[in-house]
Amino acid sequence: MKLDNIDKILLELLQKDAKQTTKALSMQLNLSKTAVYERIRKLEKEGVIKGYTALLDKRKINKAFAVFCHVRLVQHTKEHITSFEREVIKLPEVLECYHVSGDYDYILKISVADMATYREFMTTKLTSLKHIGSTHSIFMIEEVKNTTIVEL
C-alpha cells in the first residue's frame, strides 16, 4: 500500500495517542471526520494498523525487571526451530522473541518482578523447552529509550 502524506501524518498522530477522537484528528489534518474515519478503516483493512493497545508502566505492575536472554538451539532443523517458536510464544514472561544471526539463534525480552522470579522462570519454564542448547542472560540496568513510534 502506498501511503500519501496525510496517511503518514495520521499514522504519526495515532502512534502518539490512539485515543484521539476522529473529530480531534480531523481538526489536526484539516479533513472531515468522515474522511479521517475512512482513512483509518482503510489503514486497518490493509494491515498497516495492526491493532491498538495500552502501554503500561512496568514498575507499577511489578514487572520492571527486564532481561534479554540469548538462546542457542542444539540443532537448526526446521522441527527444532518450529517447536521452540511454538513453545516460547506461550510464555507470558516473554514480551518479544527474535530469530537472529550470530552466536545465538534467538533473543528474548523477558519482563518479571525480580531476580528470584527470573530464576524461577528460567529453571521451571524456559530451560524446560525442548531443543535449547544454551542460554545467556543480560540484565537491564536502566531503560534509556523505549518507544513504539515508528517514524514515517
# chains A, B, ... in the order shown; residues from 1 in each chain; ligands from 1

call {"tool": "residues_around", "arguments": {"residues": "Leu126 of chain A", "least_positions_apart": "4", "cutoff": "12 Å", "atoms": "only C-alpha atoms", "output": "count of residues only"}}
result
28

call {"tool": "residues_around", "arguments": {"residues": "Val67 of chain A", "least_positions_apart": "3", "cutoff": "7 Å", "atoms": "only C-alpha atoms", "output": "number ranges by chain"}}
result
A: 109-111, 137-140

call {"tool": "select_by_dssp", "arguments": {"residues": "segment 5-139 of chain A", "states": "strand (DSSP E or B)", "output": "PyMOL selection string"}}
result
chain A and resi 65-73+94-99+106-112+132-139

call {"tool": "write_last_selection", "arguments": {"atoms": "N, CA, C and O atoms", "output": "tab-separated table (two decimals), in the first residue's frame"}}
result
chain	number	residue	atom	x	y	z
A	65	PHE	N	11.70	-5.81	36.11
A	65	PHE	CA	12.99	-6.47	35.97
A	65	PHE	C	13.07	-7.02	34.54
A	65	PHE	O	12.41	-8.00	34.20
A	66	ALA	N	13.85	-6.35	33.70
A	66	ALA	CA	13.94	-6.71	32.28
A	66	ALA	C	15.21	-7.50	32.02
A	66	ALA	O	16.28	-7.14	32.49
A	67	VAL	N	15.04	-8.57	31.26
A	67	VAL	CA	16.16	-9.45	30.92
A	67	VAL	C	16.15	-9.69	29.42
A	67	VAL	O	15.09	-9.91	28.82
A	68	PHE	N	17.33	-9.64	28.82
A	68	PHE	CA	17.50	-10.04	27.43
A	68	PHE	C	18.22	-11.37	27.47
A	68	PHE	O	19.34	-11.45	27.98
A	69	CYS	N	17.57	-12.40	27.00
A	69	CYS	CA	18.13	-13.74	27.09
A	69	CYS	C	18.44	-14.26	25.69
A	69	CYS	O	17.56	-14.33	24.84
A	70	HIS	N	19.71	-14.57	25.47
A	70	HIS	CA	20.12	-15.18	24.21
A	70	HIS	C	19.93	-16.69	24.33
A	70	HIS	O	20.29	-17.28	25.35
A	71	VAL	N	19.39	-17.28	23.29
A	71	VAL	CA	19.13	-18.72	23.30
A	71	VAL	C	19.80	-19.36	22.09
A	71	VAL	O	19.67	-18.85	20.96
A	72	ARG	N	20.49	-20.45	22.34
A	72	ARG	CA	21.10	-21.23	21.26
A	72	ARG	C	20.41	-22.59	21.24
A	72	ARG	O	20.28	-23.25	22.26
A	73	LEU	N	19.96	-23.00	20.06
A	73	LEU	CA	19.33	-24.32	19.91
A	73	LEU	C	20.42	-25.38	19.70
A	73	LEU	O	21.52	-25.07	19.25
A	94	VAL	N	7.74	-13.71	28.34
A	94	VAL	CA	8.48	-13.32	27.14
A	94	VAL	C	7.65	-12.29	26.37
A	94	VAL	O	6.61	-12.61	25.81
A	95	LEU	N	8.13	-11.05	26.35
A	95	LEU	CA	7.43	-9.98	25.66
A	95	LEU	C	7.76	-9.95	24.17
A	95	LEU	O	6.92	-9.60	23.35
A	96	GLU	N	9.01	-10.28	23.85
A	96	GLU	CA	9.46	-10.26	22.46
A	96	GLU	C	10.40	-11.42	22.23
A	96	GLU	O	11.15	-11.81	23.14
A	97	CYS	N	10.39	-11.95	21.02
A	97	CYS	CA	11.29	-13.03	20.64
A	97	CYS	C	11.71	-12.81	19.20
A	97	CYS	O	10.85	-12.66	18.32
A	98	TYR	N	13.00	-12.78	18.97
A	98	TYR	CA	13.55	-12.54	17.64
A	98	TYR	C	14.48	-13.67	17.23
A	98	TYR	O	15.37	-14.04	18.01
A	99	HIS	N	14.30	-14.19	16.05
A	99	HIS	CA	15.22	-15.17	15.46
A	99	HIS	C	16.33	-14.33	14.83
A	99	HIS	O	16.05	-13.48	13.98
A	106	TYR	N	18.31	-16.95	19.03
A	106	TYR	CA	17.16	-16.11	19.42
A	106	TYR	C	17.57	-15.12	20.49
A	106	TYR	O	18.46	-15.39	21.30
A	107	ILE	N	16.88	-13.98	20.50
A	107	ILE	CA	16.97	-13.03	21.61
A	107	ILE	C	15.56	-12.86	22.14
A	107	ILE	O	14.64	-12.56	21.38
A	108	LEU	N	15.41	-13.06	23.45
A	108	LEU	CA	14.13	-12.90	24.12
A	108	LEU	C	14.18	-11.69	25.01
A	108	LEU	O	15.17	-11.45	25.70
A	109	LYS	N	13.11	-10.92	25.02
A	109	LYS	CA	12.97	-9.84	26.01
A	109	LYS	C	11.95	-10.33	27.03
A	109	LYS	O	10.81	-10.64	26.69
A	110	ILE	N	12.39	-10.41	28.28
A	110	ILE	CA	11.60	-11.01	29.34
A	110	ILE	C	11.34	-9.95	30.41
A	110	ILE	O	12.24	-9.18	30.76
A	111	SER	N	10.12	-9.93	30.92
A	111	SER	CA	9.76	-8.97	31.96
A	111	SER	C	9.16	-9.72	33.15
A	111	SER	O	8.14	-10.41	33.01
A	112	VAL	N	9.82	-9.59	34.31
A	112	VAL	CA	9.37	-10.25	35.55
A	112	VAL	C	9.55	-9.28	36.72
A	112	VAL	O	10.05	-8.18	36.54
A	132	ILE	N	16.77	-26.53	23.46
A	132	ILE	CA	17.66	-25.44	23.88
A	132	ILE	C	19.01	-26.03	24.24
A	132	ILE	O	19.11	-26.93	25.07
A	133	GLY	N	20.06	-25.51	23.60
A	133	GLY	CA	21.41	-25.95	23.89
A	133	GLY	C	22.04	-25.13	25.00
A	133	GLY	O	22.68	-25.65	25.90
A	134	SER	N	21.85	-23.78	24.94
A	134	SER	CA	22.40	-22.91	25.96
A	134	SER	C	21.66	-21.58	25.97
A	134	SER	O	21.00	-21.21	25.00
A	135	THR	N	21.83	-20.86	27.08
A	135	THR	CA	21.25	-19.52	27.21
A	135	THR	C	22.31	-18.59	27.80
A	135	THR	O	23.27	-19.03	28.42
A	136	HIS	N	22.09	-17.31	27.58
A	136	HIS	CA	22.96	-16.28	28.14
A	136	HIS	C	22.08	-15.09	28.48
A	136	HIS	O	21.43	-14.53	27.60
A	137	SER	N	22.04	-14.70	29.74
A	137	SER	CA	21.14	-13.64	30.20
A	137	SER	C	21.88	-12.33	30.41
A	137	SER	O	22.99	-12.31	30.96
A	138	ILE	N	21.25	-11.26	30.01
A	138	ILE	CA	21.76	-9.90	30.21
A	138	ILE	C	20.66	-9.12	30.92
A	138	ILE	O	19.52	-9.10	30.46
A	139	PHE	N	21.00	-8.46	32.03
A	139	PHE	CA	20.01	-7.76	32.83
A	139	PHE	C	20.07	-6.27	32.57
A	139	PHE	O	21.15	-5.68	32.51

call {"tool": "closest_residue", "arguments": {"among": "A:Gly51, A:Lys45, A:Leu3, A:Leu129", "to": "Ser83 of chain A", "atoms": "only C-alpha atoms"}}
result
A:Leu129

call {"tool": "residues_around", "arguments": {"residues": "Leu55 of chain A", "least_positions_apart": "3", "cutoff": "10 Å", "atoms": "only C-alpha atoms", "output": "VMD selection string"}}
result
chain A and resid 52 58 148

call {"tool": "residues_around", "arguments": {"residues": "Met1 of chain A", "least_positions_apart": "4", "cutoff": "9 Å", "atoms": "only C-alpha atoms", "output": "PyMOL selection string"}}
result
chain A and resi 43+46+48

call {"tool": "decode", "arguments": {"residues": "segment 70-83 of chain A", "atoms": "all heavy atoms", "output": "short mmCIF file (atom, residue, chain, number, x, y, z; two decimals), in the first residue's frame"}}
result
data_model
loop_
_atom_site.label_atom_id
_atom_site.label_comp_id
_atom_site.auth_asym_id
_atom_site.auth_seq_id
_atom_site.Cartn_x
_atom_site.Cartn_y
_atom_site.Cartn_z
N HIS A 70 19.71 -14.57 25.47
CA HIS A 70 20.12 -15.18 24.21
C HIS A 70 19.93 -16.69 24.33
O HIS A 70 20.29 -17.28 25.35
CB HIS A 70 21.59 -14.88 23.92
CG HIS A 70 21.87 -13.43 23.74
ND1 HIS A 70 22.80 -12.76 24.49
CD2 HIS A 70 21.35 -12.52 22.90
CE1 HIS A 70 22.85 -11.50 24.11
NE2 HIS A 70 21.97 -11.33 23.15
N VAL A 71 19.39 -17.28 23.29
CA VAL A 71 19.13 -18.72 23.30
C VAL A 71 19.80 -19.36 22.09
O VAL A 71 19.67 -18.85 20.96
CB VAL A 71 17.61 -19.01 23.26
CG1 VAL A 71 17.33 -20.51 23.13
CG2 VAL A 71 16.92 -18.44 24.50
N ARG A 72 20.49 -20.45 22.34
CA ARG A 72 21.10 -21.23 21.26
C ARG A 72 20.41 -22.59 21.24
O ARG A 72 20.28 -23.25 22.26
CB ARG A 72 22.60 -21.40 21.49
CG ARG A 72 23.30 -22.14 20.35
CD ARG A 72 24.81 -22.26 20.59
NE ARG A 72 25.45 -20.95 20.56
CZ ARG A 72 26.29 -20.50 21.49
NH1 ARG A 72 26.60 -21.23 22.53
NH2 ARG A 72 26.83 -19.32 21.38
N LEU A 73 19.96 -23.00 20.06
CA LEU A 73 19.33 -24.32 19.91
C LEU A 73 20.42 -25.38 19.70
O LEU A 73 21.52 -25.07 19.25
CB LEU A 73 18.37 -24.34 18.73
CG LEU A 73 17.19 -23.35 18.78
CD1 LEU A 73 16.30 -23.53 17.56
CD2 LEU A 73 16.39 -23.51 20.05
N VAL A 74 20.08 -26.63 20.00
CA VAL A 74 21.05 -27.71 19.82
C VAL A 74 21.29 -28.00 18.34
O VAL A 74 22.40 -28.37 17.95
CB VAL A 74 20.64 -29.00 20.56
CG1 VAL A 74 20.73 -28.81 22.06
CG2 VAL A 74 19.26 -29.47 20.16
N GLN A 75 20.26 -27.83 17.52
CA GLN A 75 20.38 -28.01 16.08
C GLN A 75 19.48 -27.00 15.39
O GLN A 75 18.53 -26.50 15.97
CB GLN A 75 19.95 -29.41 15.65
CG GLN A 75 20.89 -30.51 16.06
CD GLN A 75 20.41 -31.85 15.51
OE1 GLN A 75 19.26 -32.02 15.14
NE2 GLN A 75 21.32 -32.82 15.47
N HIS A 76 19.77 -26.76 14.11
CA HIS A 76 18.99 -25.78 13.35
C HIS A 76 18.05 -26.44 12.36
O HIS A 76 17.89 -25.96 11.25
CB HIS A 76 19.94 -24.81 12.63
CG HIS A 76 20.78 -24.03 13.57
ND1 HIS A 76 22.10 -24.31 13.78
CD2 HIS A 76 20.47 -23.02 14.41
CE1 HIS A 76 22.58 -23.49 14.68
NE2 HIS A 76 21.61 -22.69 15.09
N THR A 77 17.42 -27.51 12.78
CA THR A 77 16.47 -28.18 11.89
C THR A 77 15.13 -27.45 11.95
O THR A 77 14.83 -26.74 12.93
CB THR A 77 16.25 -29.65 12.30
OG1 THR A 77 15.63 -29.67 13.59
CG2 THR A 77 17.56 -30.42 12.33
N LYS A 78 14.34 -27.63 10.92
CA LYS A 78 13.02 -26.99 10.87
C LYS A 78 12.18 -27.43 12.07
O LYS A 78 11.49 -26.62 12.68
CB LYS A 78 12.31 -27.33 9.57
CG LYS A 78 10.99 -26.64 9.41
CD LYS A 78 10.36 -26.88 8.06
CE LYS A 78 9.07 -26.10 7.95
NZ LYS A 78 8.45 -26.21 6.65
N GLU A 79 12.27 -28.69 12.45
CA GLU A 79 11.50 -29.21 13.57
C GLU A 79 11.91 -28.53 14.88
O GLU A 79 11.06 -28.11 15.67
CB GLU A 79 11.70 -30.73 13.71
CG GLU A 79 10.84 -31.34 14.81
CD GLU A 79 11.61 -32.25 15.74
OE1 GLU A 79 12.59 -32.87 15.31
OE2 GLU A 79 11.23 -32.29 16.92
N HIS A 80 13.20 -28.36 15.11
CA HIS A 80 13.68 -27.70 16.33
C HIS A 80 13.23 -26.23 16.37
O HIS A 80 12.79 -25.74 17.41
CB HIS A 80 15.20 -27.78 16.42
CG HIS A 80 15.71 -29.13 16.80
ND1 HIS A 80 15.89 -30.14 15.90
CD2 HIS A 80 16.09 -29.62 18.00
CE1 HIS A 80 16.37 -31.20 16.51
NE2 HIS A 80 16.50 -30.92 17.80
N ILE A 81 13.37 -25.56 15.25
CA ILE A 81 13.00 -24.15 15.18
C ILE A 81 11.51 -23.96 15.42
O ILE A 81 11.10 -23.15 16.26
CB ILE A 81 13.43 -23.54 13.82
CG1 ILE A 81 14.96 -23.45 13.77
CG2 ILE A 81 12.79 -22.18 13.59
CD1 ILE A 81 15.52 -23.12 12.40
N THR A 82 10.68 -24.69 14.70
CA THR A 82 9.23 -24.51 14.84
C THR A 82 8.75 -24.95 16.23
O THR A 82 7.87 -24.31 16.80
CB THR A 82 8.45 -25.26 13.74
OG1 THR A 82 8.81 -26.63 13.75
CG2 THR A 82 8.71 -24.67 12.38
N SER A 83 9.34 -26.00 16.78
CA SER A 83 8.97 -26.46 18.11
C SER A 83 9.31 -25.39 19.15
O SER A 83 8.48 -25.06 20.01
CB SER A 83 9.69 -27.76 18.44
OG SER A 83 9.46 -28.13 19.77
#
